[in-house]
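One structure is given below, encoded as structure tokens.
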2 protein chains.
Amino acid sequence: MLRTHSCGELRIDQAGEKVTLSGWVQRTRDKGGLMWVDLRDRYGITQLTFEEGVTDPNILETARKLGREFVIQAEGEVVERFSKNDKIPTGHIEIKVEKLIILNASETPPFVIEDDTDGGEDLRMKYRYLDLRRNEVRSKLELRSKLAIAVRNFLANEEFIEVETPVLIKSTPEGARDFVVPSRMNPGEFYALPQSPQTFKQLLMVSGFDRYFQIVKCFRDEDLRADRQPEFTQIDCEMSFVERDDVLDTFEGLTKHLFKTIKGVELSGFPRMDYADAMRLYGSDKPDTRFGMKFVELNDVAQNKGFNVFDQAELVVGICAKGCAEYTRKQLDALTDFVKRPQIGAKGLVYVKCNADGTYKSSVDKFYSQEDLAAWAQKAGAEAGDLMLVLSGPTHKTRSQMNELRLHMGTTLGLRDNNVFKPLWVVDFPLLEWDEETERFHAMHHPFTSALVEDLEKLDTNPGDVRANAYDLVINGVEIGGGSIRIHDQETQSLMFKHLGFTEEEAKAQFGFLLSAFQYGAPPHGGIAFGFDRLCAMFGGSETIRDYIAFPKNTSGRDVMIDSPAPIHDEQFKELGIKPA
Amino acid sequence: MLRTHSCGELRIDQAGEKVTLSGWVQRTRDKGGLMWVDLRDRYGITQLTFEEGVTDPNILETARKLGREFVIQAEGEVVERFSKNDKIPTGHIEIKVEKLIILNASETPPFVIEDDTDGGEDLRMKYRYLDLRRNEVRSKLELRSKLAIAVRNFLANEEFIEVETPVLIKSTPEGARDFVVPSRMNPGEFYALPQSPQTFKQLLMVSGFDRYFQIVKCFRDEDLRADRQPEFTQIDCEMSFVERDDVLDTFEGLTKHLFKTIKGVELSGFPRMDYADAMRLYGSDKPDTRFGMKFVELNDVAQNKGFNVFDQAELVVGICAKGCAEYTRKQLDALTDFVKRPQIGAKGLVYVKCNADGTYKSSVDKFYSQEDLAAWAQKAGAEAGDLMLVLSGPTHKTRSQMNELRLHMGTTLGLRDNNVFKPLWVVDFPLLEWDEETERFHAMHHPFTSALVEDLEKLDTNPGDVRANAYDLVINGVEIGGGSIRIHDQETQSLMFKHLGFTEEEAKAQFGFLLSAFQYGAPPHGGIAFGFDRLCAMFGGSETIRDYIAFPKNTSGRDVMIDSPAPIHDEQFKELGIKPA
């Protein structure tokens, strides 16, 4: 080793020892007679000292050549510092340098390697290897590594076997777009990269593996939003002979274990909420339950009083913002502007102030009496000092708008504390959703999800109403994972393919191996997948998963550091049996 | 859960308990009045009993319908067996069934689900999910899972951070053929799948990660041999501020830890051998050191005695097979046939029998006196009762032939015990090797490998003689892993690219990001990668890595179970901006 110790480990009781350290020059201070160098590595910072008249002049000369980010090796004695620094663990000592080697010089980096850097996003992505050198960034990836180890040890203790499923698989038309890989050995044919190991993990259940997991890269060729990556990582799991609550209990256990060991946070039981209730009370299938402000449906008290907008609306829905009755005209206008933004698309916002004196002041006073408004307030649990905000329109759209408004109010009122964690299981999702474009039902989750037994009879008559035995884990309004109890018999699976518009031939061509597997003793089974990038971001207290990926791609799917994707050679085209269109 | 216990856990002290088990029907025996079912899951086998006059007639009727591999749920009482079976842990009890549900019926599987199956390779690959149901196959993947966990925990304890590097990267002309992925968002451009995360892990060292590892899928579009897969898994590692022996010591530690915890085998120190010595003494860069039979060069004693074949040979080399002097004509002919096979390609084989009476009998008696042969024997350490086998020809080719013969003799004489493990570090590999086809030097390892400092001056004058600071871990003649100390400065790296025939522009286009990274303070670093599939096979005592891969591909790169690769839709071609050639 080019060091005897790291830059983070020397303490006062090592004073007098001869040591060798290696690392990067964080900064230098030259006071003429005395010179200091802060030497940095992953483990910390140690101060090196050079003193004119004491230090060998050649060494001093070398030291004076050092610039930021030079890589050096320094040998010397650990001595007690004259003025101690209590902010860093090595702050009581310094190294009196007796030997100094420049292992590698450095040009001035394009941005400062500090927690607060002056580098913009693009520059930091191009020089990602320097961005990763910043403590703040590296510590996020250290957290990721720790989380992965903790997940694996927990699941291994619960008898889960980690199995690597293949990356070169087969393209399926269902779901998102696949990345494909031309096969040189089988010209004209392609592999696809997996969007998830779904069918493979189900086959492992057919194989009797009983409990499977994998932390695995998955791929989706989608147009990228800010928080999506073409390649992402899942904690993928499957269990045999289970019912829904067995899966939920197991992964509640995992989640609690992670919060406890990694963050020192003890979570209590995870409430369970129907999808229908989540939509009704929060307008979202991933409600942020760190705060209340639940939706209150006001149709019965707000309609038929002559206000045309409400009368014609499918839904009139309100929330109560505690203590906001004093909101100014400007604040209320800002809220109206917020909901009218194109991304949200509401036509307007009705407010009701519950004044301190027990009266009400609303934007629709000419249609509603004080008694009318009192009835609203009563339904909403609004008291003197509170502010009610009301939206109306088609049910689904209005709920979704109110969800945005609720989250906005929660943020504004400081109700969404990043150090508070509120997990929630959302269950009983719809099995199918109608797709306007293709004019047919699609699987909301995927075609292998089972229906609730009591809803099966509606599959022919009212397919949109059939509930799936599917569940999502939501924490603080973020979807951490989702899964379902699967179909495990050939007949039901074939029926499902039929309902999803597959012909028998298509079903066989795409999923024949699974249908065939179900004929040879498939056990009841179910599973779940956690978005690992998102889980890391949640643990790190960040909004964006990109921070937790060592070498992320930008929203055009490019790695700007290595400049990929890139053209390939004619020779490669020829070998692969393809050409540019 | 559809069970209270697994099929492997009930014991005599649970007698009297009511339990529910779920699993597969391994076999049924019906003796009229009494019927038994062996119920199997991943954890074991438990016997179920049904008795006429005692068991509910409906249950008995259901039981009589059960076939092999049916999935059932059985409820009943644990009772002591009348005739105990000491071969299985549950052999002292059975379940008196009171409730029986068929969870899923099964057709007769295409082959028998037993350790000794009647299914051929092709059939078992097509129905891999049934092949995986066999204990023998599943246990190999359980071993793999255990090994992965043990590797991760060991490395995490040694301060290694696991970092996921990207799968969608950039194609490089150097080395083996890449799999490529057309980019829809960047038409005409392609990603490539990584052959290894080499440059990324080096960048992580530039980032100051200090110690990196990853168990990671890698990809090579090569024509497949029996023991190669287009996707394979590596334990990939890199360390900063290290010299060769630091890397060797760390991974010697890992290897010892794995052998101890997984196999209960204590390995002692790992010897280190120069590549040159390995070639001279074993004719291979991965010698099987479970047995001796080292090469003995005989040029000085065998040449210039009138035997033209030897006189003209660059190398005359022998091995001594202990105790084989009594080999028959037939046995010696078989050895001659062995070395003359086209795969080996020797022209012939010379033998010398060291008779019990102190005389020698050779196939070249007319050229050599007893004294001559005695001199050979003395060099080879051959004693009365031993057999010397001698080959001659061009050095490299002859060593390689003798290597095959030595391994063959080792196997024949039972010297290659699969329960004995002999690790060896082979070090100081050549940096470059001459490629006849392209008429230029190629990097033997990869272009990022550093040369031994003392050999650097030969880079211009005699590049083929320059040794690399590279090393392989070999166990029992199998290459388990390899690595090197890397180049860490831009100047040397540019020089290396030049020697490998890159123009400055090519080097910049392909590896500009790495050359640039080396300008900003790259630390000295080195690393290693272990072939994880091969490591698993070694631990499992198997020759072929395919047994340790859940869903392997055949030698045409096909997954015959899911029938992949497969054609894609016209729509996909269009979106990707490519068409069939």
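Naming works like this for the structure tokens: A, B, ... for the chains as they're shown, residue 1 at the start of each chain, ligands 1 onward in shown order.
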Which residues are close to B:Thr261, i.e. within 10 Å by only C-alpha atoms, leaving aside same-chain residues fewer than 6 positions away? Reply as a PDB file with N, CA, C and O atoms, in the first residue's frame.
```
ATOM      1  N   LYS B 146     -25.476 -18.181  -2.177  1.00  0.00           N
ATOM      2  CA  LYS B 146     -24.687 -18.121  -0.932  1.00  0.00           C
ATOM      3  C   LYS B 146     -23.314 -17.517  -1.175  1.00  0.00           C
ATOM      4  O   LYS B 146     -22.812 -16.729  -0.373  1.00  0.00           O
ATOM      5  N   LEU B 147     -22.689 -17.931  -2.279  1.00  0.00           N
ATOM      6  CA  LEU B 147     -21.367 -17.404  -2.620  1.00  0.00           C
ATOM      7  C   LEU B 147     -21.432 -15.894  -2.829  1.00  0.00           C
ATOM      8  O   LEU B 147     -20.563 -15.154  -2.348  1.00  0.00           O
ATOM      9  N   ALA B 150     -21.673 -14.108   0.436  1.00  0.00           N
ATOM     10  CA  ALA B 150     -20.403 -14.185   1.169  1.00  0.00           C
ATOM     11  C   ALA B 150     -19.358 -13.237   0.573  1.00  0.00           C
ATOM     12  O   ALA B 150     -18.617 -12.569   1.299  1.00  0.00           O
TER      13      ALA B 150
END
```
What are the nearest atom pairs, with distances in Å to one decimal, for all residues of chain B that come at most 6 Å from chain A, using only C-alpha atoms, set out by chain and rising residue number as a tab-separated table?
```
residue	atom	partner	partner_atom	distance
B:Met1	CA	A:Val242	CA	4.5
B:Leu2	CA	A:Phe241	CA	5.0
B:Arg42	CA	A:Gly208	CA	6.0
B:Glu69	CA	A:Gly521	CA	5.6
B:Phe70	CA	A:Gly521	CA	5.3
B:Val71	CA	A:Gly521	CA	5.5
B:Asn104	CA	A:Gly521	CA	5.7
B:Ala105	CA	A:Gly521	CA	5.8
B:Ser106	CA	A:Tyr520	CA	4.3
B:Glu107	CA	A:Tyr520	CA	5.4
B:Tyr129	CA	A:Ser207	CA	5.1
B:Leu130	CA	A:Ser207	CA	5.8
B:Leu132	CA	A:Ser207	CA	5.5
B:Arg133	CA	A:Ser207	CA	4.4
B:Ser145	CA	A:Glu162	CA	5.1
B:Ile161	CA	A:Ser145	CA	5.9
B:Glu162	CA	A:Ser145	CA	5.1
B:Lys170	CA	A:Ser564	CA	5.3
B:Val180	CA	A:Val181	CA	5.9
B:Val181	CA	A:Val181	CA	5.0
B:Glu189	CA	A:Pro567	CA	4.5
B:Phe190	CA	A:Pro565	CA	4.8
B:Tyr191	CA	A:Pro565	CA	4.6
B:Leu203	CA	A:Tyr129	CA	5.8
B:Ser207	CA	A:Arg133	CA	4.4
B:Gly208	CA	A:Arg133	CA	5.8
B:Phe241	CA	A:Leu2	CA	5.0
B:Val242	CA	A:Met1	CA	4.5
B:Glu243	CA	A:Met1	CA	5.9
B:Phe513	CA	A:Ile562	CA	5.9
B:Gln519	CA	A:Ser106	CA	5.5
B:Tyr520	CA	A:Ser106	CA	4.3
B:Gly521	CA	A:Ser106	CA	4.6
B:Ile562	CA	A:Phe513	CA	5.9
B:Ser564	CA	A:Lys170	CA	5.3
B:Pro565	CA	A:Tyr191	CA	4.6
B:Ala566	CA	A:Glu189	CA	4.7
B:Pro567	CA	A:Glu189	CA	4.5
B:Gly577	CA	A:Ala581	CA	5.1
B:Ile578	CA	A:Ala581	CA	4.3
B:Lys579	CA	A:Ala581	CA	5.2
B:Pro580	CA	A:Ile578	CA	4.3
B:Ala581	CA	A:Ile578	CA	4.3
```
- Message: Write out as a ChimeraX atom specification the set of residues from stretch 410-562 of chain B that DSSP, computed on the backbone, places in strand (DSSP E).
- Response: /B:423-427,432-435,440-443,470-475,478-485,525-531
- Of the residues B:Glu297, B:Asp115, B:Glu80, B:Asp13, which is the one nearest to B:Thr395, using only C-alpha atoms?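 Ranked by minimum distance to B:Thr395, first place goes to B:Glu297.
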Which of stretch 142-209 of chain B end up as alpha helix (DSSP H) when DSSP is run on this backbone - answer as a CSV table (one decimal) with N, CA, C and O atoms, in the first residue's frame?
```csv
chain,number,residue,atom,x,y,z
B,142,GLU,N,-28.6,-22.4,-5.4
B,142,GLU,CA,-28.5,-22.0,-4.0
B,142,GLU,C,-27.1,-21.7,-3.6
B,142,GLU,O,-26.8,-20.7,-2.9
B,143,LEU,N,-26.2,-22.6,-4.0
B,143,LEU,CA,-24.8,-22.3,-3.8
B,143,LEU,C,-24.3,-21.0,-4.3
B,143,LEU,O,-23.6,-20.2,-3.7
B,144,ARG,N,-24.7,-20.7,-5.5
B,144,ARG,CA,-24.4,-19.5,-6.2
B,144,ARG,C,-24.8,-18.3,-5.4
B,144,ARG,O,-24.1,-17.3,-5.2
B,145,SER,N,-26.1,-18.3,-4.9
B,145,SER,CA,-26.6,-17.3,-4.1
B,145,SER,C,-25.8,-17.1,-2.8
B,145,SER,O,-25.5,-15.9,-2.4
B,146,LYS,N,-25.5,-18.2,-2.2
B,146,LYS,CA,-24.7,-18.1,-0.9
B,146,LYS,C,-23.3,-17.5,-1.2
B,146,LYS,O,-22.8,-16.7,-0.4
B,147,LEU,N,-22.7,-17.9,-2.3
B,147,LEU,CA,-21.4,-17.4,-2.6
B,147,LEU,C,-21.4,-15.9,-2.8
B,147,LEU,O,-20.6,-15.2,-2.3
B,148,ALA,N,-22.5,-15.4,-3.5
B,148,ALA,CA,-22.6,-14.0,-3.8
B,148,ALA,C,-22.7,-13.2,-2.5
B,148,ALA,O,-22.0,-12.2,-2.4
B,149,ILE,N,-23.5,-13.7,-1.6
B,149,ILE,CA,-23.7,-13.0,-0.3
B,149,ILE,C,-22.4,-13.0,0.4
B,149,ILE,O,-22.0,-12.0,1.0
B,150,ALA,N,-21.7,-14.1,0.4
B,150,ALA,CA,-20.4,-14.2,1.2
B,150,ALA,C,-19.4,-13.2,0.6
B,150,ALA,O,-18.6,-12.6,1.3
B,151,VAL,N,-19.3,-13.2,-0.8
B,151,VAL,CA,-18.4,-12.2,-1.4
B,151,VAL,C,-18.7,-10.8,-1.0
B,151,VAL,O,-17.8,-10.0,-0.6
B,152,ARG,N,-20.0,-10.5,-1.1
B,152,ARG,CA,-20.4,-9.1,-0.8
B,152,ARG,C,-20.1,-8.7,0.7
B,152,ARG,O,-19.5,-7.6,0.9
B,153,ASN,N,-20.4,-9.6,1.6
B,153,ASN,CA,-20.1,-9.2,3.0
B,153,ASN,C,-18.6,-9.1,3.3
B,153,ASN,O,-18.2,-8.2,4.0
B,154,PHE,N,-17.9,-10.0,2.7
B,154,PHE,CA,-16.4,-9.9,2.9
B,154,PHE,C,-15.9,-8.6,2.4
B,154,PHE,O,-15.2,-7.9,3.1
B,155,LEU,N,-16.2,-8.3,1.1
B,155,LEU,CA,-15.7,-7.0,0.5
B,155,LEU,C,-16.2,-5.8,1.2
B,155,LEU,O,-15.5,-4.8,1.4
B,156,ALA,N,-17.5,-5.8,1.6
B,156,ALA,CA,-18.0,-4.6,2.3
B,156,ALA,C,-17.3,-4.4,3.6
B,156,ALA,O,-17.0,-3.3,4.0
B,157,ASN,N,-16.9,-5.5,4.3
B,157,ASN,CA,-16.1,-5.4,5.5
B,157,ASN,C,-14.8,-4.9,5.3
B,157,ASN,O,-14.1,-4.3,6.2
B,198,GLN,N,-14.5,-2.0,-17.0
B,198,GLN,CA,-13.1,-1.6,-16.9
B,198,GLN,C,-12.9,-0.1,-16.7
B,198,GLN,O,-12.4,0.4,-15.7
B,199,THR,N,-13.3,0.7,-17.7
B,199,THR,CA,-13.0,2.1,-17.7
B,199,THR,C,-13.8,2.8,-16.6
B,199,THR,O,-13.3,3.7,-15.9
B,200,PHE,N,-15.0,2.3,-16.3
B,200,PHE,CA,-15.8,2.9,-15.3
B,200,PHE,C,-15.2,2.7,-13.9
B,200,PHE,O,-15.2,3.6,-13.1
B,201,LYS,N,-14.7,1.5,-13.7
B,201,LYS,CA,-14.1,1.3,-12.3
B,201,LYS,C,-12.8,2.1,-12.2
B,201,LYS,O,-12.5,2.6,-11.1
B,202,GLN,N,-12.1,2.3,-13.3
B,202,GLN,CA,-10.9,3.2,-13.2
B,202,GLN,C,-11.3,4.6,-12.9
B,202,GLN,O,-10.7,5.3,-12.1
B,203,LEU,N,-12.5,5.1,-13.5
B,203,LEU,CA,-12.9,6.4,-13.3
B,203,LEU,C,-13.4,6.6,-11.8
B,203,LEU,O,-13.2,7.6,-11.2
B,204,LEU,N,-13.9,5.5,-11.2
B,204,LEU,CA,-14.3,5.6,-9.8
B,204,LEU,C,-13.1,5.7,-8.9
B,204,LEU,O,-13.1,6.3,-7.8
B,205,MET,N,-11.9,5.2,-9.4
B,205,MET,CA,-10.7,5.4,-8.6
B,205,MET,C,-10.3,6.9,-8.7
B,205,MET,O,-9.9,7.5,-7.8
B,206,VAL,N,-10.4,7.4,-9.9
B,206,VAL,CA,-10.1,8.9,-10.1
B,206,VAL,C,-11.0,9.7,-9.2
B,206,VAL,O,-10.7,10.7,-8.7
```
